[in-house]
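Quick look at work.cif (mmCIF, C-alpha atoms):
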```cif
data_query
#
loop_
_atom_site.label_atom_id
_atom_site.label_comp_id
_atom_site.auth_asym_id
_atom_site.auth_seq_id
_atom_site.Cartn_x
_atom_site.Cartn_y
_atom_site.Cartn_z
CA MET Q 1083 78.80 -27.29 192.54
CA LYS Q 1084 75.36 -28.83 192.54
CA LYS Q 1085 74.08 -25.85 194.53
CA LEU Q 1086 75.61 -23.36 192.13
CA PHE Q 1087 73.99 -25.16 189.23
CA THR Q 1088 70.62 -24.98 191.01
CA TYR Q 1089 71.03 -21.24 191.63
CA PHE Q 1090 71.85 -20.74 187.97
CA ILE Q 1091 68.81 -22.70 186.79
CA LEU Q 1092 66.54 -20.86 189.23
CA PHE Q 1093 67.90 -17.51 188.07
CA LEU Q 1094 67.25 -18.46 184.43
CA LEU Q 1095 63.72 -19.52 185.39
CA TRP Q 1096 63.19 -16.23 187.21
CA LEU Q 1097 64.36 -14.24 184.18
CA LEU Q 1098 62.09 -16.26 181.90
CA MET Q 1099 59.07 -15.77 184.14
CA VAL Q 1100 59.71 -12.07 184.68
CA SER Q 1101 59.94 -11.50 180.95
CA ALA Q 1102 56.68 -13.42 180.51
CA VAL Q 1103 54.98 -11.50 183.29
CA LEU Q 1104 56.05 -8.14 181.88
CA ALA Q 1105 54.36 -9.01 178.60
CA LEU Q 1106 51.00 -9.34 180.36
CA PRO Q 1107 48.54 -6.45 180.41
CA PRO Q 1108 49.28 -4.07 183.31
CA ILE Q 1109 47.59 -4.54 186.68
CA GLY Q 1110 44.44 -2.49 187.14
CA SER Q 1111 43.50 -2.22 183.49
CA GLU Q 1112 39.80 -2.57 182.70
CA THR Q 1113 40.35 -4.11 179.28
CA THR Q 1114 42.18 -7.30 180.17
CA PRO Q 1115 40.58 -10.57 179.06
CA VAL Q 1116 40.19 -11.55 182.72
CA THR Q 1117 37.91 -8.59 183.33
CA THR Q 1118 35.96 -8.50 180.09
CA HIS Q 1119 34.90 -12.09 179.48
CA VAL Q 1120 31.99 -13.00 181.80
CA ILE Q 1121 32.46 -10.45 184.55
CA PRO Q 1122 30.09 -7.71 183.26
CA ARG Q 1123 27.21 -10.16 183.31
CA TYR Q 1124 28.09 -11.39 186.81
CA LEU Q 1125 28.30 -7.83 188.07
CA THR Q 1126 25.10 -6.57 186.47
CA GLU Q 1127 22.85 -9.64 186.71
CA GLY Q 1128 24.41 -11.36 189.73
CA VAL Q 1129 22.04 -10.01 192.34
CA GLU Q 1130 18.90 -11.13 190.48
CA GLU Q 1131 20.26 -14.37 189.02
CA ALA Q 1132 22.22 -15.71 191.96
CA GLY Q 1133 20.44 -14.03 194.83
CA ALA Q 1134 23.40 -12.60 196.72
CA GLU Q 1135 24.39 -8.95 197.06
CA ASN Q 1136 27.97 -10.04 197.58
CA ILE Q 1137 29.01 -11.04 194.06
CA VAL Q 1138 31.87 -13.20 195.37
CA THR Q 1139 29.33 -15.30 197.28
CA ALA Q 1140 27.13 -15.39 194.18
CA VAL Q 1141 30.05 -16.74 192.15
CA ILE Q 1142 31.05 -19.26 194.81
CA LEU Q 1143 27.64 -20.69 195.56
CA ASN Q 1144 25.74 -20.28 192.33
CA TYR Q 1145 27.73 -19.61 189.16
CA ARG Q 1146 30.59 -21.90 190.18
CA GLY Q 1147 28.63 -24.09 192.54
CA TYR Q 1148 30.10 -27.34 191.26
CA ASP Q 1149 33.60 -26.05 191.93
CA THR Q 1150 32.79 -25.14 195.52
CA MET Q 1151 30.99 -28.41 196.10
CA GLY Q 1152 34.11 -30.27 195.00
CA GLU Q 1153 36.18 -28.00 197.21
CA VAL Q 1154 34.07 -28.79 200.27
CA THR Q 1155 34.37 -32.48 199.48
CA VAL Q 1156 38.15 -32.06 199.19
CA ILE Q 1157 38.38 -30.69 202.75
CA PHE Q 1158 36.29 -33.58 203.99
CA CYS Q 1159 38.47 -36.09 202.11
CA ALA Q 1160 41.60 -34.45 203.53
CA LEU Q 1161 40.23 -35.00 207.01
CA ILE Q 1162 39.47 -38.63 206.22
CA ALA Q 1163 42.98 -39.12 204.86
CA VAL Q 1164 44.59 -37.49 207.91
CA LEU Q 1165 42.54 -39.66 210.24
CA ALA Q 1166 43.43 -42.73 208.19
CA VAL Q 1167 47.14 -41.90 208.48
CA ILE Q 1168 47.52 -40.83 212.11
CA GLY Q 1169 44.24 -41.90 213.66
CA ARG Q 1170 41.62 -40.13 215.71
CA GLU Q 1171 42.41 -39.16 219.30
CA ASP Q 1172 40.86 -40.96 222.25
CA VAL Q 1173 40.18 -39.24 225.57
CA LYS Q 1174 41.25 -42.27 227.57
CA LEU Q 1175 44.46 -43.01 225.64
CA HIS Q 1176 45.82 -39.69 224.46
CA THR Q 1177 46.82 -36.30 225.72
CA SER Q 1178 48.94 -33.49 224.30
CA LYS Q 1179 52.65 -33.08 224.84
CA VAL Q 1180 52.14 -29.77 226.65
CA ASP Q 1181 49.77 -31.45 229.10
CA LEU Q 1182 52.15 -34.36 229.56
CA VAL Q 1183 55.06 -32.11 230.51
CA GLY Q 1184 52.80 -29.95 232.62
CA ILE Q 1185 53.72 -26.52 231.27
CA LYS Q 1186 51.11 -23.87 232.01
CA GLU Q 1187 50.62 -20.72 230.01
CA SER Q 1188 51.12 -17.45 231.87
CA VAL Q 1189 48.21 -15.79 233.65
CA ILE Q 1190 48.06 -13.01 231.08
CA VAL Q 1191 47.62 -15.40 228.16
CA ARG Q 1192 45.02 -17.46 229.95
CA SER Q 1193 42.98 -14.45 231.06
CA VAL Q 1194 43.04 -12.89 227.60
CA VAL Q 1195 42.06 -16.13 225.87
CA ARG Q 1196 39.34 -16.89 228.41
CA PHE Q 1197 37.93 -13.44 227.71
CA LEU Q 1198 38.38 -13.48 223.92
CA ALA Q 1199 37.53 -17.03 222.84
CA PRO Q 1200 33.71 -16.65 223.08
CA PHE Q 1201 33.86 -13.39 221.15
CA ILE Q 1202 35.95 -14.96 218.41
CA MET Q 1203 33.33 -17.68 218.06
CA LEU Q 1204 30.55 -15.08 218.01
CA PHE Q 1205 32.41 -13.20 215.27
CA ALA Q 1206 32.65 -16.44 213.29
CA VAL Q 1207 28.89 -16.94 213.56
CA TYR Q 1208 28.29 -13.35 212.47
CA ILE Q 1209 30.50 -13.80 209.41
CA MET Q 1210 28.84 -17.12 208.62
CA LEU Q 1211 25.33 -15.65 208.61
CA HIS Q 1212 26.21 -12.45 206.74
CA GLY Q 1213 28.15 -13.92 203.84
CA LYS Q 1214 25.28 -13.11 201.49
CA GLU Q 1215 25.31 -9.34 201.77
CA SER Q 1216 28.69 -8.41 203.30
CA PRO Q 1217 32.29 -9.61 203.12
CA GLY Q 1218 32.54 -13.07 204.59
CA GLY Q 1219 30.97 -16.46 204.19
CA GLY Q 1220 31.30 -20.04 205.19
CA PHE Q 1221 34.99 -20.62 204.47
CA GLN Q 1222 36.18 -17.57 206.39
CA ALA Q 1223 33.89 -18.37 209.29
CA GLY Q 1224 35.20 -21.93 209.34
CA ALA Q 1225 38.78 -20.69 209.53
CA ILE Q 1226 37.96 -18.35 212.42
CA LEU Q 1227 35.99 -21.05 214.25
CA GLY Q 1228 38.87 -23.51 213.88
CA ALA Q 1229 41.33 -20.85 215.05
CA SER Q 1230 39.29 -20.15 218.18
CA ILE Q 1231 39.19 -23.83 219.10
CA ILE Q 1232 42.92 -24.18 218.44
CA ILE Q 1233 43.79 -21.16 220.59
CA TYR Q 1234 41.60 -22.56 223.36
CA THR Q 1235 43.33 -25.94 223.19
CA MET Q 1236 46.79 -24.42 223.23
CA THR Q 1237 46.07 -22.19 226.19
CA PHE Q 1238 44.00 -24.51 228.35
CA SER Q 1239 44.20 -28.23 228.61
CA TYR Q 1240 43.83 -30.66 225.73
CA ASP Q 1241 41.62 -32.94 227.80
CA LEU Q 1242 39.28 -30.07 228.60
CA THR Q 1243 38.78 -29.35 224.90
CA LEU Q 1244 38.10 -33.01 224.22
CA LYS Q 1245 35.57 -33.07 227.05
CA LYS Q 1246 33.72 -30.02 225.78
CA PHE Q 1247 34.08 -30.71 222.06
CA PHE Q 1248 33.83 -34.46 222.11
CA VAL Q 1249 34.43 -36.84 219.24
CA LYS Q 1250 30.85 -38.02 218.75
CA ALA Q 1251 29.55 -34.51 218.17
CA ARG Q 1252 32.42 -33.68 215.84
CA THR Q 1253 31.77 -36.78 213.74
CA PHE Q 1254 28.41 -35.34 212.76
CA MET Q 1255 29.56 -31.75 212.36
CA GLU Q 1256 32.54 -32.57 210.10
CA SER Q 1257 30.27 -33.76 207.30
CA ALA Q 1258 27.98 -30.71 207.53
CA GLY Q 1259 29.52 -28.96 204.53
CA PRO Q 1260 29.09 -31.64 201.84
CA ILE Q 1261 25.72 -32.73 203.25
CA ALA Q 1262 24.27 -29.20 203.22
CA PHE Q 1263 25.59 -28.61 199.71
CA PHE Q 1264 24.27 -31.86 198.24
CA ALA Q 1265 20.91 -31.56 200.01
CA CYS Q 1266 20.29 -28.01 198.79
CA GLY Q 1267 21.50 -28.89 195.30
CA VAL Q 1268 19.31 -31.95 194.98
CA ILE Q 1269 16.09 -30.22 196.12
CA ALA Q 1270 15.99 -28.35 192.80
CA LEU Q 1271 16.04 -31.66 190.90
CA PHE Q 1272 12.65 -32.67 192.32
CA TYR Q 1273 11.08 -29.57 190.78
CA GLY Q 1274 12.58 -30.19 187.34
CA GLN Q 1275 15.33 -27.57 187.69
CA ASN Q 1276 19.06 -28.03 187.22
CA PHE Q 1277 21.33 -29.24 189.98
CA LEU Q 1278 22.55 -26.46 192.30
CA THR Q 1279 20.26 -23.75 190.90
CA TYR Q 1280 18.29 -23.41 194.15
CA MET Q 1281 15.24 -22.43 192.10
CA ILE Q 1282 12.21 -24.12 193.62
CA PRO Q 1283 8.65 -22.84 193.12
CA ALA Q 1284 7.13 -20.49 195.65
CA PHE Q 1285 5.43 -21.97 198.67
CA PRO Q 1286 2.33 -20.35 200.15
CA PHE Q 1287 4.41 -19.06 203.05
CA ALA Q 1288 7.57 -18.03 201.21
CA THR Q 1289 8.51 -16.55 197.86
CA GLN Q 1290 11.01 -18.09 195.49
CA GLU Q 1291 13.67 -15.57 196.49
CA ALA Q 1292 13.12 -16.27 200.18
CA MET Q 1293 13.57 -20.00 199.63
CA ARG Q 1294 16.74 -19.40 197.62
CA ASN Q 1295 18.13 -17.09 200.31
CA LEU Q 1296 17.32 -19.71 202.93
CA MET Q 1297 19.16 -22.39 200.98
CA ILE Q 1298 22.21 -20.14 200.48
CA GLU Q 1299 22.27 -19.45 204.23
CA VAL Q 1300 21.97 -23.17 204.98
CA ILE Q 1301 24.95 -23.89 202.73
CA GLU Q 1302 27.01 -21.10 204.33
CA VAL Q 1303 26.27 -22.42 207.80
CA GLY Q 1304 27.09 -25.96 206.68
CA ILE Q 1305 30.41 -24.91 205.17
CA GLY Q 1306 31.27 -22.82 208.23
CA ILE Q 1307 30.52 -25.51 210.79
CA GLY Q 1308 32.04 -28.25 208.64
CA GLY Q 1309 35.20 -26.28 207.85
CA GLY Q 1310 35.77 -25.18 211.44
CA THR Q 1311 35.25 -28.66 212.78
CA VAL Q 1312 37.52 -30.22 210.16
CA ILE Q 1313 40.34 -27.79 210.96
CA SER Q 1314 40.05 -28.37 214.71
CA SER Q 1315 39.76 -32.14 214.25
CA ILE Q 1316 42.93 -32.21 212.15
CA PHE Q 1317 44.69 -30.13 214.80
CA LEU Q 1318 43.50 -32.33 217.67
CA ALA Q 1319 44.49 -35.51 215.84
CA MET Q 1320 47.98 -34.13 215.14
CA GLU Q 1321 48.51 -32.83 218.66
CA LYS Q 1322 47.91 -36.13 220.42
CA VAL Q 1323 50.59 -38.21 222.16
CA GLU Q 1324 50.04 -41.38 224.12
CA LYS Q 1325 49.59 -41.06 227.85
CA MET G 446 68.23 -4.55 177.47
CA ILE G 447 67.28 -3.01 180.83
CA ASN G 448 66.22 0.54 180.11
CA ASN G 449 63.83 2.97 181.76
CA GLU G 450 60.85 1.57 179.89
CA VAL G 451 61.36 -1.94 181.25
CA ILE G 452 61.83 -0.61 184.78
CA ALA G 453 58.64 1.43 184.54
CA LYS G 454 56.77 -1.61 183.26
CA ALA G 455 58.14 -3.73 186.10
CA TYR G 456 57.15 -1.08 188.61
CA SER G 457 53.61 -0.87 187.30
CA SER G 458 53.19 -4.65 187.57
CA ILE G 459 55.23 -5.06 190.74
CA ASN G 460 52.77 -7.65 192.13
CA TYR G 461 53.52 -10.02 189.28
CA VAL G 462 57.28 -9.61 189.73
CA VAL G 463 56.96 -10.25 193.47
CA ALA G 464 54.82 -13.32 192.78
CA VAL G 465 57.44 -14.70 190.39
CA THR G 466 60.21 -14.01 192.92
CA LEU G 467 58.24 -15.77 195.67
CA PHE G 468 57.72 -18.70 193.32
CA CYS G 469 61.47 -18.99 192.78
CA ILE G 470 62.15 -18.74 196.55
CA GLY G 471 59.66 -21.53 197.19
CA LEU G 472 61.15 -23.66 194.43
CA TYR G 473 64.60 -23.07 195.94
CA ALA G 474 63.42 -24.36 199.32
CA LEU G 475 61.71 -27.30 197.64
CA ILE G 476 64.88 -28.32 195.76
CA ILE G 477 67.76 -27.46 198.08
CA LYS G 478 66.52 -28.03 201.64
CA PRO G 479 66.86 -31.64 202.82
CA ASN G 480 64.36 -31.29 205.68
CA LEU G 481 60.88 -32.41 204.66
CA ILE G 482 59.08 -29.75 206.72
CA LYS G 483 61.15 -27.05 205.04
CA LYS G 484 60.28 -28.57 201.68
CA PHE G 485 56.60 -28.21 202.49
CA MET G 486 57.17 -24.64 203.65
CA GLY G 487 58.58 -24.05 200.17
CA LEU G 488 55.46 -25.59 198.68
CA ASN G 489 53.35 -23.23 200.79
CA ILE G 490 55.37 -20.25 199.56
CA ILE G 491 54.73 -21.37 195.98
CA GLU G 492 51.01 -21.59 196.72
CA THR G 493 51.08 -18.08 198.19
CA SER G 494 52.81 -16.73 195.11
CA VAL G 495 50.12 -18.22 192.90
CA PHE G 496 47.42 -16.66 195.08
CA LEU G 497 49.11 -13.27 194.81
CA PHE G 498 49.40 -13.62 191.03
CA ILE G 499 45.75 -14.52 190.48
CA ILE G 500 44.38 -11.96 192.95
CA SER G 501 46.48 -9.21 191.33
CA SER G 502 45.15 -10.10 187.89
CA GLY G 503 41.62 -9.30 189.06
CA TYR G 504 42.33 -5.82 190.36
CA VAL G 505 40.73 -2.92 188.54
CA LYS G 506 42.11 0.54 189.20
CA GLY G 507 39.70 2.57 191.28
CA GLY G 508 37.38 -0.38 191.77
CA VAL G 509 35.58 -1.21 194.99
CA ALA G 510 34.66 -4.57 196.51
CA PRO G 511 31.94 -6.30 194.44
CA ILE G 512 29.16 -5.97 197.01
CA TYR G 513 25.88 -4.18 196.37
CA THR G 514 24.69 -2.12 199.31
CA HIS G 515 21.90 0.43 199.57
CA ASP G 516 24.24 3.31 198.72
CA THR G 517 26.13 1.77 195.79
CA PRO G 518 26.09 4.19 192.85
CA VAL G 519 24.50 3.03 189.61
CA ASN G 520 27.66 2.90 187.51
CA ALA G 521 30.03 1.81 190.24
CA LEU G 522 33.34 0.29 189.17
CA PHE G 523 33.90 -3.10 190.79
CA VAL G 524 36.99 -5.26 190.98
CA ASN G 525 36.86 -8.70 189.42
CA PRO G 526 35.04 -11.16 191.70
CA ILE G 527 36.17 -14.39 190.03
CA PRO G 528 39.83 -14.44 191.16
CA GLN G 529 38.69 -13.72 194.71
CA ALA G 530 36.23 -16.62 194.59
CA LEU G 531 38.87 -18.95 193.13
CA ILE G 532 41.49 -18.01 195.73
CA LEU G 533 39.00 -18.32 198.58
CA THR G 534 38.51 -21.97 197.77
CA ALA G 535 42.17 -22.48 196.81
CA ILE G 536 43.32 -21.37 200.28
CA VAL G 537 41.15 -24.02 201.88
CA VAL G 538 42.55 -26.68 199.57
CA ALA G 539 46.09 -25.49 200.39
CA VAL G 540 45.32 -25.94 204.08
CA SER G 541 44.03 -29.46 203.41
CA VAL G 542 47.12 -30.38 201.41
CA THR G 543 49.39 -29.03 204.16
CA ALA G 544 47.49 -30.93 206.82
CA LEU G 545 47.75 -34.19 204.92
CA ALA G 546 51.46 -33.64 204.22
CA LEU G 547 52.18 -32.85 207.87
CA SER G 548 50.32 -35.92 209.07
CA LEU G 549 52.36 -38.07 206.67
CA ILE G 550 55.52 -36.39 208.03
CA ILE G 551 54.47 -37.14 211.61
CA LYS G 552 53.99 -40.81 210.73
CA LEU G 553 57.30 -40.89 208.84
CA TYR G 554 59.15 -39.43 211.81
CA ASP G 555 57.59 -42.01 214.12
CA GLN G 556 58.73 -44.80 211.82
CA CYS G 557 62.18 -43.64 210.70
CA GLY G 558 63.30 -41.13 213.31
CA THR G 559 64.55 -38.64 210.75
CA LEU G 560 63.15 -36.05 208.38
CA ASN G 561 66.25 -35.66 206.25
CA ALA G 562 65.32 -36.57 202.68
CA ASN G 563 68.86 -37.68 201.83
CA LYS G 564 68.97 -40.07 204.79
CA LEU G 565 65.44 -41.32 204.06
CA LYS G 566 66.58 -42.22 200.56
CA GLU G 567 69.19 -44.61 201.94
CA LEU G 568 66.69 -46.41 204.19
CA ARG G 569 65.09 -49.47 202.73
#
```

Show this structure as structure tokens.
Amino acid sequence: MKKLFTYFILFLLWLLMVSAVLALPPIGSETTPVTTHVIPRYLTEGVEEAGAENIVTAVILNYRGYDTMGEVTVIFCALIAVLAVIGREDVKLHTSKVDLVGIKESVIVRSVVRFLAPFIMLFAVYIMLHGKESPGGGFQAGAILGASIIIYTMTFSYDLTLKKFFVKARTFMESAGPIAFFACGVIALFYGQNFLTYMIPAFPFATQEAMRNLMIEVIEVGIGIGGGTVISSIFLAMEKVEK
Amino acid sequence: MINNEVIAKAYSSINYVVAVTLFCIGLYALIIKPNLIKKFMGLNIIETSVFLFIISSGYVKGGVAPIYTHDTPVNALFVNPIPQALILTAIVVAVSVTALALSLIIKLYDQCGTLNANKLKELR
């Protein structure tokens, strides 16, 4: 009875939402409010104003820089919360359940992962460095980096990953995203510009655009390394069991 | 009430209809399923439906990805970059929320030995 009532309510909600959605402007129209409000300016002026050929990167890092800065801080806070709840792993005390039982992946999986894992990491670095002028950027690179470390941990031993990717190094790398963002944002304040504009006067050895490009790259690398490390740290902390 | 016009409209904005349907499926899992992990799967489905909805709203027919290269024509038609930027960051936040929820579930299972929400309600 309770279930039937829930189905009925959900069906009513679905009908309501479908009728609301059908009243929206059709998908693909150029005259919707979403597409006409600030987008023409972003698309025409974005390359000069924000300094990135990829307009999505320009929006993320420059026009909506505050938003992304908060976002990066949110990932970092999520990591802190996860570590506060379940605790960080310790090489001497913890191992993974797979290691404890002693199951080994098949030869095919291990050979393929041993061959592919370095290339996945290389691809992540490529995406991280080319977010300015091609599809990609820090967040995507972080996801790929985290995925490569996770696939390595699941195929080979947990202890081996902890030995190679030890806690002390990760502690520094996890905070790379917020630190890079705040540092590059604050530099502009010393030259009387607004926070997160990346506009600092030209140095004798570099033009203003070059300095801005450098700062955007630094932020992308910070987000990539920070994001990847946070994802793998969360995974490693969740995977642990006591020896 | 349901005539050809409505069906044609629904077909032309099929992404929105699918997003709404996914939202209802996720809400169903969130309400009905007693297992906490399944509840959070429902929450993830809801998040996905919202991503689909916002991304679809930024599509422009015949548009290309908003990236300037050396051979981009002068009056090129681009899709809307803002929904893509919003969703890019929203996905990361969704991952963070899921990670935090799962870690809480791990701790809860260690303490109580069950993930059934109805049984957890009776524990004091």

Exercise for review: Run the PyMOL selection byres ((chain Q and resi 1255-1270) around 7) against the file shown and list the residues it catches, as number ranges by chain.
Suggested key: Q: 1151, 1154-1155, 1158, 1251-1254, 1271-1282, 1297, 1300-1301, 1304-1305, 1307-1308, 1311-1312

**Study point:** Answer key for the PyMOL selection byres ((chain Q) within 6 of (chain G)), residues as JSON, numbers by chain
**Key:** {"Q": [1108, 1109, 1110, 1111, 1112, 1135, 1136, 1137, 1138, 1142, 1157, 1160, 1164]}

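CA of Ser1239 (chain Q) lies 22.5 Å from CA of Ala1206 (chain Q).
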
Practice item. Calculate how many Å separate CA of Leu1175 (chain Q) from CA of Lys1325 (chain Q), rounding to one decimal. Key: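 CA of Lys1325 (chain Q) lies 5.9 Å from CA of Leu1175 (chain Q).
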
Point to revise | Non-local contacts of region 479-481 of chain G (8 Å; all atoms listed in the file; under 6 positions in same chain excluded) as a list in words | key: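 With the cut-off at 8 Å, the set is Ile550, Leu560, Asn561, Ala562 and Asn563 of chain G.
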
Exercise for review: Work out how far apart CA of Leu1318 (chain Q) and CA of Thr493 (chain G) are and give it in Å to one decimal.
Suggested key: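 Interatomic distance here is 25.3 Å.
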
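Minimum distance to Met1203 (chain Q) across Q:Arg1123, Q:Ile1231, Q:Gln1290, Q:Met1083 (counting all atoms listed in the file) occurs at Q:Ile1231.
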
Practice item. Dump as number ranges by chain all residues having an atom at most 12 Å from (53.4, -40.4, 214.0), computed in the file's coordinates with all atoms listed in the file. Key: Q: 1164-1170, 1319-1324; G: 547-559

Expected file: the selected residues, C-alpha atoms, as a PDB file, keeping the file's coordinate frame:
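The result, written out as part08.pdb:
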```pdb
ATOM      1  CA  VAL Q1164      44.590 -37.490 207.910  1.00  0.00           C
ATOM      2  CA  LEU Q1165      42.540 -39.660 210.240  1.00  0.00           C
ATOM      3  CA  ALA Q1166      43.430 -42.730 208.190  1.00  0.00           C
ATOM      4  CA  VAL Q1167      47.140 -41.900 208.480  1.00  0.00           C
ATOM      5  CA  ILE Q1168      47.520 -40.830 212.110  1.00  0.00           C
ATOM      6  CA  GLY Q1169      44.240 -41.900 213.660  1.00  0.00           C
ATOM      7  CA  ARG Q1170      41.620 -40.130 215.710  1.00  0.00           C
ATOM      8  CA  ALA Q1319      44.490 -35.510 215.840  1.00  0.00           C
ATOM      9  CA  MET Q1320      47.980 -34.130 215.140  1.00  0.00           C
ATOM     10  CA  GLU Q1321      48.510 -32.830 218.660  1.00  0.00           C
ATOM     11  CA  LYS Q1322      47.910 -36.130 220.420  1.00  0.00           C
ATOM     12  CA  VAL Q1323      50.590 -38.210 222.160  1.00  0.00           C
ATOM     13  CA  GLU Q1324      50.040 -41.380 224.120  1.00  0.00           C
TER      14      GLU Q1324
ATOM     15  CA  LEU G 547      52.180 -32.850 207.870  1.00  0.00           C
ATOM     16  CA  SER G 548      50.320 -35.920 209.070  1.00  0.00           C
ATOM     17  CA  LEU G 549      52.360 -38.070 206.670  1.00  0.00           C
ATOM     18  CA  ILE G 550      55.520 -36.390 208.030  1.00  0.00           C
ATOM     19  CA  ILE G 551      54.470 -37.140 211.610  1.00  0.00           C
ATOM     20  CA  LYS G 552      53.990 -40.810 210.730  1.00  0.00           C
ATOM     21  CA  LEU G 553      57.300 -40.890 208.840  1.00  0.00           C
ATOM     22  CA  TYR G 554      59.150 -39.430 211.810  1.00  0.00           C
ATOM     23  CA  ASP G 555      57.590 -42.010 214.120  1.00  0.00           C
ATOM     24  CA  GLN G 556      58.730 -44.800 211.820  1.00  0.00           C
ATOM     25  CA  CYS G 557      62.180 -43.640 210.700  1.00  0.00           C
ATOM     26  CA  GLY G 558      63.300 -41.130 213.310  1.00  0.00           C
ATOM     27  CA  THR G 559      64.550 -38.640 210.750  1.00  0.00           C
TER      28      THR G 559
END
```

Exercise for review: Using all atoms listed in the file, determine which residues lie at most 12 Å from Ala1229 (chain Q), disregarding the query and same-chain residues fewer than 2 positions distant; provide the list as a PyMOL selection string.
Suggested key: chain Q and resi 1195+1198-1200+1202-1203+1205-1206+1222-1227+1231-1236+1309-1318

Practice item. Check the smallest atom-to-atom distance from each of G:Ala521, G:Leu497, G:Ile491, G:Ile447 to Ala474 (chain G) using all atoms listed in the file, then report the winner. Key: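 Checking each candidate against Ala474 (chain G), we get G:Ile491 as the closest.
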
Enclose all atoms of region 551-562 of chain G listed in the file in an axis-aligned box, grow every side by 8 Å, and hand back centre and edge lengths in Å to one decimal, as JSON.
```
{"center_x": 60.1, "center_y": -40.2, "center_z": 208.4, "size_x": 28.3, "size_y": 25.1, "size_z": 27.4}
```
